[in-house]
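This report refers to the structure that appears directly beneath it.
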Amino acid sequence: MPSNEKKIELYIDCVSPYSFFAFDYLQKNKRALQDHGVQVEYFPVFLGGINVGSGNKPPWTLPAKANYSKYDGPRAQKYFGFKFEIPDFFPILSLLPGRCLTYVKEKRTKDFEALFQACFESLWLQHLDIGKPEHMLTALLKVFNNEDSQEILKAAGTPQVKQALNDTTKHAFEDLGAFGCPWFWVHDGKGKAEPFFGSDRFHFMWDYLEISYRDLEIESKISGKL
Ligand SMILES: N[C@@H](CCC(=O)N[C@@H](CS)C(=O)NCC(=O)O)C(=O)O
């Protein structure tokens, strides 16, 4: 929907390490973006559904892309200030975390971003397969007490929550042109919006939003990430 406010919508799935980088980068720049009048909203999507819906394939299934990612992955990690290995069990089926996040965004909004962070960290830094309920519970317990965590796991299995994740995923590829993650839909504040793909496109985004990207890079350095 057109917006007269500058806004970044970010469509991400925890199974995507580049989604983790994009999320982390925007979290680190929260204050700077607020100062520039830019709102940020995160949307959990199912990347597997985006691949099928857009006719794309996961990059690791194409040998040339899988080979390239051996170089690009570590470079991206270094740039964003991370150092982790790809878990042996990768890729995971990310429906369960996507559904828990969908429910939490709707019903426990204030803890939504903390749960996204916990999901990314549990999968990529602690190598927990959060597609499995016992490991998703570990991620939930970083943010919620046991009773609430159990309630969220249960809610994730309901038809309404499953449908809500499907709907957001479908919206991403049908309406916003998504073929991968991280997918951005950026409102320029003048009634127009454009898509951006990748955690390596922030400089284009700042240009589109008429923000000096140096402000953002400096902010990230201050918070110790770049
Ligand atoms: N150059 C992008 C790469 C992002 C990327 O490879 N995303 C994967 C998921 S982790 C994807 O959906 N790729 C689809 C494609 O490359 O067609 C970045 O730096 O963020």
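Lettering and numbering for the structure tokens are positional, with chains as A, B, ... in the shown order, residues counted from 1 in each chain, and ligands counted from 1 in the shown order.
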- Message: At a cut-off of 6 Å around ligand 1, and using only C-alpha atoms and all ligand atoms, what residues come up? Please write them as number ranges by chain.
- Response: A: 16-18, 58-59, 180-181, 198-200
Would you save the residues from that selection as a tab-separated table (two decimals), in the first residue's frame, using C-alpha atoms?
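Written file, result32.tsv:
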chain	number	residue	atom	x	y	z
A	16	SER	CA	18.50	-17.24	5.18
A	17	PRO	CA	21.83	-16.01	6.62
A	18	TYR	CA	21.62	-12.88	4.47
A	58	PRO	CA	17.45	-22.10	-3.54
A	59	PRO	CA	20.93	-20.81	-4.47
A	180	GLY	CA	14.44	-14.52	-2.46
A	181	CYS	CA	15.35	-13.15	0.96
A	198	GLY	CA	19.85	-8.43	-0.65
A	199	SER	CA	21.76	-7.28	2.41
A	200	ASP	CA	24.24	-5.72	-0.03
- Message: To test your reading of the structure, identify every residue in region 10-222 of chain A that backbone DSSP assigns to strand (DSSP E), and report it as an MDAnalysis selection string.
- Response: chainID A and resid 10:12 38:44 183:188 193:197
Residues just named, written with N, CA, C and O atoms as an mmCIF file, in the first residue's frame:
data_model
loop_
_atom_site.group_PDB
_atom_site.id
_atom_site.type_symbol
_atom_site.label_atom_id
_atom_site.label_comp_id
_atom_site.auth_asym_id
_atom_site.auth_seq_id
_atom_site.Cartn_x
_atom_site.Cartn_y
_atom_site.Cartn_z
ATOM 1 N N LEU A 10 10.745 -5.232 5.526
ATOM 2 C CA LEU A 10 11.770 -6.262 5.286
ATOM 3 C C LEU A 10 11.151 -7.642 5.454
ATOM 4 O O LEU A 10 10.650 -7.980 6.528
ATOM 5 N N TYR A 11 11.184 -8.420 4.376
ATOM 6 C CA TYR A 11 10.599 -9.772 4.344
ATOM 7 C C TYR A 11 11.729 -10.787 4.495
ATOM 8 O O TYR A 11 12.606 -10.880 3.618
ATOM 9 N N ILE A 12 11.732 -11.497 5.616
ATOM 10 C CA ILE A 12 12.873 -12.358 5.939
ATOM 11 C C ILE A 12 12.442 -13.708 6.517
ATOM 12 O O ILE A 12 11.366 -13.861 7.086
ATOM 13 N N VAL A 38 12.646 7.340 9.221
ATOM 14 C CA VAL A 38 12.348 6.107 8.475
ATOM 15 C C VAL A 38 11.837 5.033 9.437
ATOM 16 O O VAL A 38 12.499 4.697 10.422
ATOM 17 N N GLN A 39 10.650 4.540 9.145
ATOM 18 C CA GLN A 39 10.110 3.416 9.937
ATOM 19 C C GLN A 39 10.608 2.105 9.361
ATOM 20 O O GLN A 39 10.840 2.013 8.152
ATOM 21 N N VAL A 40 10.717 1.098 10.229
ATOM 22 C CA VAL A 40 11.125 -0.234 9.769
ATOM 23 C C VAL A 40 10.115 -1.244 10.284
ATOM 24 O O VAL A 40 9.722 -1.197 11.457
ATOM 25 N N GLU A 41 9.671 -2.141 9.392
ATOM 26 C CA GLU A 41 8.794 -3.233 9.849
ATOM 27 C C GLU A 41 9.299 -4.552 9.265
ATOM 28 O O GLU A 41 9.622 -4.633 8.066
ATOM 29 N N TYR A 42 9.352 -5.575 10.108
ATOM 30 C CA TYR A 42 9.825 -6.891 9.691
ATOM 31 C C TYR A 42 8.639 -7.819 9.461
ATOM 32 O O TYR A 42 7.692 -7.821 10.249
ATOM 33 N N PHE A 43 8.741 -8.624 8.404
ATOM 34 C CA PHE A 43 7.685 -9.585 8.071
ATOM 35 C C PHE A 43 8.289 -10.974 7.951
ATOM 36 O O PHE A 43 9.144 -11.194 7.075
ATOM 37 N N PRO A 44 7.863 -11.941 8.788
ATOM 38 C CA PRO A 44 8.341 -13.306 8.601
ATOM 39 C C PRO A 44 7.695 -13.911 7.361
ATOM 40 O O PRO A 44 6.487 -13.792 7.171
ATOM 41 N N TRP A 183 14.141 -9.634 1.250
ATOM 42 C CA TRP A 183 13.420 -8.830 0.268
ATOM 43 C C TRP A 183 12.925 -7.558 0.958
ATOM 44 O O TRP A 183 12.351 -7.625 2.046
ATOM 45 N N PHE A 184 13.159 -6.425 0.323
ATOM 46 C CA PHE A 184 12.749 -5.136 0.899
ATOM 47 C C PHE A 184 11.702 -4.495 -0.001
ATOM 48 O O PHE A 184 11.816 -4.552 -1.230
ATOM 49 N N TRP A 185 10.747 -3.868 0.642
ATOM 50 C CA TRP A 185 9.800 -3.028 -0.079
ATOM 51 C C TRP A 185 9.896 -1.666 0.601
ATOM 52 O O TRP A 185 9.540 -1.520 1.772
ATOM 53 N N VAL A 186 10.427 -0.687 -0.149
ATOM 54 C CA VAL A 186 10.817 0.571 0.494
ATOM 55 C C VAL A 186 9.957 1.723 -0.013
ATOM 56 O O VAL A 186 9.886 1.973 -1.227
ATOM 57 N N HIS A 187 9.307 2.396 0.921
ATOM 58 C CA HIS A 187 8.436 3.539 0.610
ATOM 59 C C HIS A 187 9.266 4.826 0.686
ATOM 60 O O HIS A 187 9.918 5.080 1.705
ATOM 61 N N ASP A 188 9.195 5.625 -0.386
ATOM 62 C CA ASP A 188 10.069 6.810 -0.448
ATOM 63 C C ASP A 188 9.504 8.023 0.297
ATOM 64 O O ASP A 188 10.130 9.079 0.340
ATOM 65 N N ALA A 193 6.870 3.293 -3.972
ATOM 66 C CA ALA A 193 7.645 2.252 -3.289
ATOM 67 C C ALA A 193 8.349 1.395 -4.321
ATOM 68 O O ALA A 193 7.847 1.218 -5.436
ATOM 69 N N GLU A 194 9.520 0.871 -3.945
ATOM 70 C CA GLU A 194 10.296 0.010 -4.859
ATOM 71 C C GLU A 194 10.871 -1.176 -4.102
ATOM 72 O O GLU A 194 11.138 -1.080 -2.900
ATOM 73 N N PRO A 195 11.112 -2.292 -4.852
ATOM 74 C CA PRO A 195 11.740 -3.454 -4.217
ATOM 75 C C PRO A 195 13.271 -3.350 -4.237
ATOM 76 O O PRO A 195 13.839 -2.755 -5.147
ATOM 77 N N PHE A 196 13.880 -3.956 -3.247
ATOM 78 C CA PHE A 196 15.339 -4.120 -3.196
ATOM 79 C C PHE A 196 15.605 -5.546 -2.734
ATOM 80 O O PHE A 196 14.907 -6.055 -1.863
ATOM 81 N N PHE A 197 16.608 -6.189 -3.319
ATOM 82 C CA PHE A 197 16.940 -7.557 -2.905
ATOM 83 C C PHE A 197 18.376 -7.606 -2.378
ATOM 84 O O PHE A 197 19.309 -7.201 -3.088
#
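Each of A:Gly189, A:Gly48, A:Gly53, A:Gly73 was checked against Gly98 (chain A) using only C-alpha atoms; the smallest atom-to-atom distance is that of A:Gly48.
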- Query: Quick one: residues within 7 Å of Phe173 (chain A), only C-alpha atoms counted, chain neighbours fewer than 3 positions away excluded, as JSON, numbers by chain?
  - Reply: {"A": [50, 53, 54, 169, 170, 176, 177, 178, 179]}
- Rank A:Ala155, A:Ala139, A:Ala32, A:Ala66 by their smallest atom-to-atom distance to Arg214 (chain A), using only C-alpha atoms, and report the top residue only.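 Of A:Ala155, A:Ala139, A:Ala32, A:Ala66, the one nearest Arg214 (chain A) is A:Ala32, counting only C-alpha atoms.
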- Item | Residues near Phe116 (chain A), cut-off 8 Å, only C-alpha atoms, skip fewer than 3 positions along chain, as a list in words | Cys14, Leu101, Phe112, Glu113, Cys119 and Phe120 of chain A
- Sel. of helix (DSSP H, G or I) residues, region 28-220 of chain A, as an NGL selection string: :A and (28 or 30-35 or 47-54 or 59-61 or 63-80 or 95-107 or 109-125 or 133-141 or 146-156 or 159-175 or 202-208 or 213-220)
- Item | Within 12 Å of Arg75 (chain A) using only C-alpha atoms, minus same-chain residues under 6 positions, as a list in words |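 Contacts, with the query itself left out: Tyr18, Phe21, Tyr68, Ser69, Gly81, Phe82, Lys83, Phe84 and Asp200 of chain A.
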Keeping N, CA and C atoms for every residue in the selection just given, could you write it to a file as a tab-separated table (two decimals), in the first residue's frame?
chain	number	residue	atom	x	y	z
A	18	TYR	N	21.59	-14.26	4.91
A	18	TYR	CA	21.62	-12.88	4.47
A	18	TYR	C	20.46	-12.09	5.08
A	21	PHE	N	21.84	-10.93	8.35
A	21	PHE	CA	22.69	-9.75	8.22
A	21	PHE	C	21.83	-8.49	8.05
A	68	TYR	N	30.02	-20.21	-5.46
A	68	TYR	CA	30.26	-18.78	-5.24
A	68	TYR	C	30.01	-18.41	-3.78
A	69	SER	N	29.00	-19.06	-3.18
A	69	SER	CA	28.64	-18.70	-1.80
A	69	SER	C	29.76	-19.04	-0.82
A	81	GLY	N	30.32	-8.27	10.64
A	81	GLY	CA	30.87	-8.50	11.98
A	81	GLY	C	30.47	-9.84	12.59
A	82	PHE	N	30.30	-10.86	11.74
A	82	PHE	CA	29.95	-12.20	12.24
A	82	PHE	C	31.06	-13.19	11.95
A	83	LYS	N	31.05	-14.30	12.69
A	83	LYS	CA	31.96	-15.41	12.38
A	83	LYS	C	31.27	-16.69	12.83
A	84	PHE	N	30.65	-17.38	11.88
A	84	PHE	CA	30.00	-18.65	12.21
A	84	PHE	C	30.12	-19.62	11.05
A	200	ASP	N	23.16	-6.50	0.57
A	200	ASP	CA	24.24	-5.72	-0.03
A	200	ASP	C	23.70	-4.57	-0.87
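In terms of minimum interatomic distance to Asp88 (chain A), A:His127 ranks closest within A:Phe202, A:His127, A:Leu153, A:Glu5, counting only C-alpha atoms.
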